[in-house]
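Colleague: Dropping in protein_9.cif, which is mmCIF, C-alpha atoms; chains and numbers go by the auth columns:
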```cif
data_input
loop_
_atom_site.group_PDB
_atom_site.id
_atom_site.type_symbol
_atom_site.label_atom_id
_atom_site.label_comp_id
_atom_site.label_asym_id
_atom_site.label_seq_id
_atom_site.Cartn_x
_atom_site.Cartn_y
_atom_site.Cartn_z
_atom_site.B_iso_or_equiv
_atom_site.auth_seq_id
_atom_site.auth_asym_id
ATOM 1 C CA MET A 1 0.000 0.000 0.000 0.00 157 H
ATOM 2 C CA GLU A 2 2.838 2.419 0.805 0.00 158 H
ATOM 3 C CA GLY A 3 4.568 1.980 -2.585 0.00 159 H
ATOM 4 C CA ARG A 4 1.429 2.895 -4.530 0.00 160 H
ATOM 5 C CA MET A 5 1.267 6.533 -5.649 0.00 161 H
ATOM 6 C CA ILE A 6 -2.114 8.218 -5.706 0.00 162 H
ATOM 7 C CA ASN A 7 -2.815 10.653 -8.544 0.00 163 H
ATOM 8 C CA LYS A 8 -4.794 13.676 -7.451 0.00 164 H
ATOM 9 C CA ILE A 9 -7.681 14.228 -9.849 0.00 165 H
ATOM 10 C CA GLU A 10 -9.010 17.752 -10.341 0.00 166 H
ATOM 11 C CA LEU A 11 -12.821 17.972 -10.365 0.00 167 H
ATOM 12 C CA TYR A 12 -14.582 20.801 -12.205 0.00 168 H
ATOM 13 C CA PRO A 13 -18.256 21.415 -11.292 0.00 169 H
ATOM 14 C CA GLY A 14 -21.092 22.822 -13.402 0.00 170 H
ATOM 15 C CA GLN A 15 -24.746 23.459 -12.579 0.00 171 H
ATOM 16 C CA ARG A 16 -27.984 24.447 -14.324 0.00 172 H
ATOM 17 C CA LYS A 17 -31.422 24.432 -12.666 0.00 173 H
ATOM 18 C CA THR A 18 -31.430 21.102 -10.762 0.00 174 H
ATOM 19 C CA SER A 19 -28.701 19.416 -12.855 0.00 175 H
ATOM 20 C CA LYS A 20 -25.235 18.998 -11.413 0.00 176 H
ATOM 21 C CA ALA A 21 -22.217 17.920 -13.446 0.00 177 H
ATOM 22 C CA VAL A 22 -18.585 17.159 -12.572 0.00 178 H
ATOM 23 C CA ALA A 23 -15.902 17.017 -15.280 0.00 179 H
ATOM 24 C CA ILE A 24 -12.485 15.336 -15.181 0.00 180 H
ATOM 25 C CA ILE A 25 -9.857 16.203 -17.797 0.00 181 H
ATOM 26 C CA VAL A 26 -6.806 14.061 -18.656 0.00 182 H
ATOM 27 C CA LYS A 27 -4.309 13.744 -21.523 0.00 183 H
ATOM 28 C CA GLY A 28 -5.758 11.618 -24.284 0.00 184 H
ATOM 29 C CA THR A 29 -6.996 11.346 -27.835 0.00 185 H
ATOM 30 C CA GLY A 30 -10.142 13.484 -27.879 0.00 186 H
ATOM 31 C CA LYS A 31 -12.698 11.170 -26.241 0.00 187 H
ATOM 32 C CA VAL A 32 -15.655 12.798 -24.494 0.00 188 H
ATOM 33 C CA ARG A 33 -17.849 10.702 -22.233 0.00 189 H
ATOM 34 C CA MET A 34 -21.040 11.690 -20.413 0.00 190 H
ATOM 35 C CA ASN A 35 -22.067 9.239 -17.685 0.00 191 H
ATOM 36 C CA ASN A 36 -19.634 6.642 -19.146 0.00 192 H
ATOM 37 C CA ARG A 37 -21.247 6.857 -22.617 0.00 193 H
ATOM 38 C CA PRO A 38 -19.620 8.522 -25.636 0.00 194 H
ATOM 39 C CA ALA A 39 -20.936 12.074 -26.153 0.00 195 H
ATOM 40 C CA GLU A 40 -21.775 11.218 -29.776 0.00 196 H
ATOM 41 C CA LEU A 41 -24.604 8.994 -28.474 0.00 197 H
ATOM 42 C CA VAL A 42 -26.299 11.795 -26.495 0.00 198 H
ATOM 43 C CA THR A 43 -29.812 12.487 -27.773 0.00 199 H
ATOM 44 C CA PRO A 44 -31.488 14.771 -28.855 0.00 200 H
ATOM 45 C CA GLU A 45 -29.010 16.384 -31.253 0.00 201 H
ATOM 46 C CA ILE A 46 -29.466 19.924 -29.854 0.00 202 H
ATOM 47 C CA ALA A 47 -28.384 18.696 -26.398 0.00 203 H
ATOM 48 C CA ARG A 48 -25.325 17.017 -27.965 0.00 204 H
ATOM 49 C CA GLU A 49 -24.376 20.247 -29.779 0.00 205 H
ATOM 50 C CA LEU A 50 -24.699 22.236 -26.539 0.00 206 H
ATOM 51 C CA LEU A 51 -22.610 19.649 -24.669 0.00 207 H
ATOM 52 C CA LEU A 52 -19.803 19.757 -27.271 0.00 208 H
ATOM 53 C CA THR A 53 -19.814 23.581 -27.758 0.00 209 H
ATOM 54 C CA PRO A 54 -16.689 24.261 -25.606 0.00 210 H
ATOM 55 C CA LEU A 55 -14.775 21.539 -27.451 0.00 211 H
ATOM 56 C CA THR A 56 -15.720 22.848 -30.900 0.00 212 H
ATOM 57 C CA LEU A 57 -14.515 26.312 -29.835 0.00 213 H
ATOM 58 C CA ILE A 58 -10.993 25.089 -29.014 0.00 214 H
ATOM 59 C CA GLY A 59 -10.522 23.330 -32.371 0.00 215 H
ATOM 60 C CA GLU A 60 -7.442 21.079 -32.749 0.00 216 H
ATOM 61 C CA LEU A 61 -6.582 21.121 -29.014 0.00 217 H
ATOM 62 C CA ARG A 62 -9.582 18.813 -28.566 0.00 218 H
ATOM 63 C CA ASN A 63 -7.511 15.860 -29.842 0.00 219 H
ATOM 64 C CA ARG A 64 -4.973 16.198 -26.984 0.00 220 H
ATOM 65 C CA ILE A 65 -7.388 15.605 -24.103 0.00 221 H
ATOM 66 C CA ASP A 66 -10.059 13.228 -22.825 0.00 222 H
ATOM 67 C CA VAL A 67 -13.006 14.605 -20.854 0.00 223 H
ATOM 68 C CA ASP A 68 -15.228 12.508 -18.591 0.00 224 H
ATOM 69 C CA VAL A 69 -18.428 14.112 -17.254 0.00 225 H
ATOM 70 C CA GLN A 70 -20.702 12.689 -14.569 0.00 226 H
ATOM 71 C CA VAL A 71 -24.098 14.423 -14.463 0.00 227 H
ATOM 72 C CA HIS A 72 -27.351 13.830 -12.598 0.00 228 H
ATOM 73 C CA GLY A 73 -30.661 15.554 -11.925 0.00 229 H
ATOM 74 C CA GLY A 74 -32.878 17.712 -14.115 0.00 230 H
ATOM 75 C CA GLY A 75 -33.843 17.240 -17.761 0.00 231 H
ATOM 76 C CA PHE A 76 -31.742 16.611 -20.844 0.00 232 H
ATOM 77 C CA MET A 77 -31.135 20.301 -21.687 0.00 233 H
ATOM 78 C CA GLY A 78 -30.264 21.205 -18.092 0.00 234 H
ATOM 79 C CA GLN A 79 -27.852 18.273 -18.001 0.00 235 H
ATOM 80 C CA ALA A 80 -26.309 19.308 -21.339 0.00 236 H
ATOM 81 C CA PHE A 81 -25.764 22.907 -20.173 0.00 237 H
ATOM 82 C CA ALA A 82 -24.377 21.810 -16.789 0.00 238 H
ATOM 83 C CA SER A 83 -21.982 19.483 -18.641 0.00 239 H
ATOM 84 C CA ALA A 84 -20.936 22.299 -21.003 0.00 240 H
ATOM 85 C CA VAL A 85 -20.168 24.557 -18.016 0.00 241 H
ATOM 86 C CA ALA A 86 -18.165 21.770 -16.329 0.00 242 H
ATOM 87 C CA ILE A 87 -16.212 21.085 -19.555 0.00 243 H
ATOM 88 C CA SER A 88 -15.501 24.810 -20.026 0.00 244 H
ATOM 89 C CA ARG A 89 -14.182 25.064 -16.482 0.00 245 H
ATOM 90 C CA ALA A 90 -12.092 21.929 -16.984 0.00 246 H
ATOM 91 C CA LEU A 91 -10.561 23.310 -20.204 0.00 247 H
ATOM 92 C CA THR A 92 -9.661 26.633 -18.564 0.00 248 H
ATOM 93 C CA GLY A 93 -8.524 25.036 -15.286 0.00 249 H
ATOM 94 C CA GLN A 94 -10.997 27.095 -13.268 0.00 250 H
ATOM 95 C CA GLU A 95 -11.380 25.427 -9.864 0.00 251 H
ATOM 96 C CA LYS A 96 -13.675 26.399 -7.020 0.00 252 H
ATOM 97 C CA GLY A 97 -10.836 27.836 -4.933 0.00 253 H
ATOM 98 C CA GLY A 98 -9.504 29.923 -7.827 0.00 254 H
ATOM 99 C CA LYS A 99 -6.023 28.429 -7.535 0.00 255 H
ATOM 100 C CA ASP A 100 -3.998 27.172 -10.512 0.00 256 H
ATOM 101 C CA PRO A 101 -4.285 23.374 -11.142 0.00 257 H
ATOM 102 C CA LYS A 102 -1.090 21.358 -10.687 0.00 258 H
ATOM 103 C CA GLU A 103 -1.402 18.538 -13.234 0.00 259 H
ATOM 104 C CA HIS A 104 -3.446 20.013 -16.097 0.00 260 H
ATOM 105 C CA PRO A 105 -2.887 18.569 -19.600 0.00 261 H
ATOM 106 C CA LEU A 106 -2.851 22.052 -21.190 0.00 262 H
ATOM 107 C CA THR A 107 -0.314 24.824 -20.508 0.00 263 H
ATOM 108 C CA LYS A 108 -1.282 28.040 -18.750 0.00 264 H
ATOM 109 C CA SER A 109 -0.997 30.154 -21.938 0.00 265 H
ATOM 110 C CA MET A 110 -3.280 27.699 -23.801 0.00 266 H
ATOM 111 C CA ARG A 111 -5.816 27.830 -20.969 0.00 267 H
ATOM 112 C CA GLU A 112 -5.862 31.659 -21.029 0.00 268 H
ATOM 113 C CA GLU A 113 -6.447 31.610 -24.796 0.00 269 H
ATOM 114 C CA ILE A 114 -9.265 29.071 -24.387 0.00 270 H
ATOM 115 C CA ARG A 115 -10.803 31.192 -21.611 0.00 271 H
ATOM 116 C CA LYS A 116 -10.872 34.242 -23.923 0.00 272 H
ATOM 117 C CA LYS A 117 -12.471 32.240 -26.758 0.00 273 H
ATOM 118 C CA ILE A 118 -15.165 30.767 -24.519 0.00 274 H
ATOM 119 C CA ALA A 119 -15.927 34.093 -22.779 0.00 275 H
ATOM 120 C CA GLU A 120 -16.203 35.809 -26.164 0.00 276 H
ATOM 121 C CA TYR A 121 -18.657 33.147 -27.387 0.00 277 H
ATOM 122 C CA ASP A 122 -20.837 32.913 -24.253 0.00 278 H
ATOM 123 C CA ARG A 123 -19.764 34.080 -20.799 0.00 279 H
ATOM 124 C CA HIS A 124 -22.324 31.794 -19.113 0.00 280 H
ATOM 125 C CA LEU A 125 -20.266 28.777 -20.176 0.00 281 H
ATOM 126 C CA LEU A 126 -17.699 29.810 -17.543 0.00 282 H
ATOM 127 C CA SER A 127 -19.806 31.535 -14.889 0.00 283 H
ATOM 128 C CA GLY A 128 -22.892 29.316 -15.144 0.00 284 H
ATOM 129 C CA ASP A 129 -26.545 30.384 -15.263 0.00 285 H
ATOM 130 C CA SER A 130 -27.909 30.950 -11.759 0.00 286 H
ATOM 131 C CA ARG A 131 -31.617 31.081 -12.678 0.00 287 H
ATOM 132 C CA GLN A 132 -33.884 28.639 -10.829 0.00 288 H
ATOM 133 C CA THR A 133 -37.585 27.864 -11.141 0.00 289 H
ATOM 134 C CA GLU A 134 -39.728 29.881 -8.748 0.00 290 H
ATOM 135 C CA SER A 135 -41.496 27.784 -6.134 0.00 291 H
ATOM 136 C CA LYS A 136 -45.290 27.447 -6.071 0.00 292 H
ATOM 137 C CA LYS A 137 -47.250 29.479 -3.533 0.00 293 H
ATOM 138 C CA PHE A 138 -50.701 28.883 -2.016 0.00 294 H
ATOM 139 C CA GLY A 139 -53.870 30.421 -3.480 0.00 295 H
ATOM 140 C CA GLY A 140 -53.206 29.490 -7.076 0.00 296 H
ATOM 141 C CA PRO A 141 -52.103 26.803 -9.482 0.00 297 H
ATOM 142 C CA SER A 142 -48.559 28.128 -10.047 0.00 298 H
ATOM 143 C CA ALA A 143 -45.902 30.481 -8.660 0.00 299 H
ATOM 144 C CA ARG A 144 -47.531 33.735 -9.857 0.00 300 H
ATOM 145 C CA ARG A 145 -50.973 32.872 -11.196 0.00 301 H
ATOM 146 C CA ARG A 146 -53.985 33.267 -8.885 0.00 302 H
ATOM 147 C CA ARG A 147 -57.650 32.302 -9.039 0.00 303 H
ATOM 148 C CA GLN A 148 -59.812 34.797 -10.860 0.00 304 H
ATOM 149 C CA LYS A 149 -61.621 37.168 -8.493 0.00 305 H
ATOM 150 C CA SER A 150 -65.410 37.382 -8.788 0.00 306 H
ATOM 151 C CA TYR A 151 -67.491 40.184 -7.311 0.00 307 H
ATOM 152 C CA ARG A 152 -70.922 38.653 -7.966 0.00 308 H
#
```
Can you present the structure in this file as structure tokens?
Modeller:
Amino acid sequence: MEGRMINKIELYPGQRKTSKAVAIIVKGTGKVRMNNRPAELVTPEIARELLLTPLTLIGELRNRIDVDVQVHGGGFMGQAFASAVAISRALTGQEKGGKDPKEHPLTKSMREEIRKKIAEYDRHLLSGDSRQTESKKFGGPSARRRRQKSYR
């Protein structure tokens, strides 16, 4: 047990509505997996495109890394956006503490360039989208709607 070296894995979180995703990035050949399934099998197609947006933005650098995303909760679009946020944070090396990652497959200058590209395309891919559904209140069928008032 003592002779075995433990590799520290950096985890990069992403959230959208009730979906939570965690991405892991390692050196590789360009494989992207979502819940241990290849990203190319994600349906519907619009969710797949949203999931792979950060990787299409970086171009050829995509073939140097493998990304593994674990996601749960919410619907398919919420999961796709949460995964996209997690992948964007993994590519730029943006951790929760704000410190620089030790064993990242991309150099610091590459990560800064990727961060600029992603922020220019859509800043919510790095910062996340904090909107949540409003909870239902009493006196009506939904959060804001009320029963119609009758005077007669």
Colleague: Which residues, written as a VMD selection string, have at least one atom at most 10 Å from H:His228, with all atoms listed in the file counted and residues fewer than 5 positions away on the same chain left out?
Modeller: chain H and resid 171 174 to 178 191 234 to 235 238 to 239
Colleague: Which is closer to H:Ile181 than all the others in H:Met233, H:Leu217, H:Leu247, H:Leu207, using only C-alpha atoms?
Modeller: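 Result for the nearest residue to H:Ile181: H:Leu247.
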Colleague: Which neighbours of H:Leu262 fall inside 9 Å, counting only C-alpha atoms, when residues of the same chain fewer than 5 positions from it are skipped, and could you give them as a ChimeraX atom specification?
Modeller: /H:183,217,220-221,247-249,267
Colleague: Counting only C-alpha atoms, which residues come within 12 Å of (-29.5, 13.7, -28.2), with the point read in the file's coordinates, and could you list them as a VMD selection string?
Modeller: chain H and resid 190 194 to 208 231 to 233 235 to 236
Colleague: Measuring between all atoms listed in the file, which one of H:Pro261, H:Gly284, H:Pro210, H:Gly170 shows the shortest distance to H:Val188?
Modeller: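 Residue with the minimum atom-to-atom distance to H:Val188: H:Pro210.
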Colleague: Grab the atom CA of H:Thr212 to atom CA of H:Gln288 distance for me, in Å with one decimal place.
Modeller: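 Separating atom CA of H:Thr212 from atom CA of H:Gln288 is a distance of 27.7 Å.
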Colleague: One decimal, in Å: what's the spacing between atom CA of H:Asn219 and atom CA of H:Tyr277?
Modeller: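 It comes out at 20.7 Å.
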Colleague: Can you tell me how far atom CA of H:His280 sits from atom CA of H:Leu211, in Å to one decimal?
Modeller: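 Atom CA of H:Leu211 lies at a distance of 15.2 Å from atom CA of H:His280.
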Colleague: For a quick check of understanding, using all atoms listed in the file, which of H:Ile165, H:Gln250, H:Val223, H:Asp256 has the smallest distance to H:Arg189?
Modeller: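 Among the listed residues, the smallest separation from H:Arg189 belongs to H:Val223.
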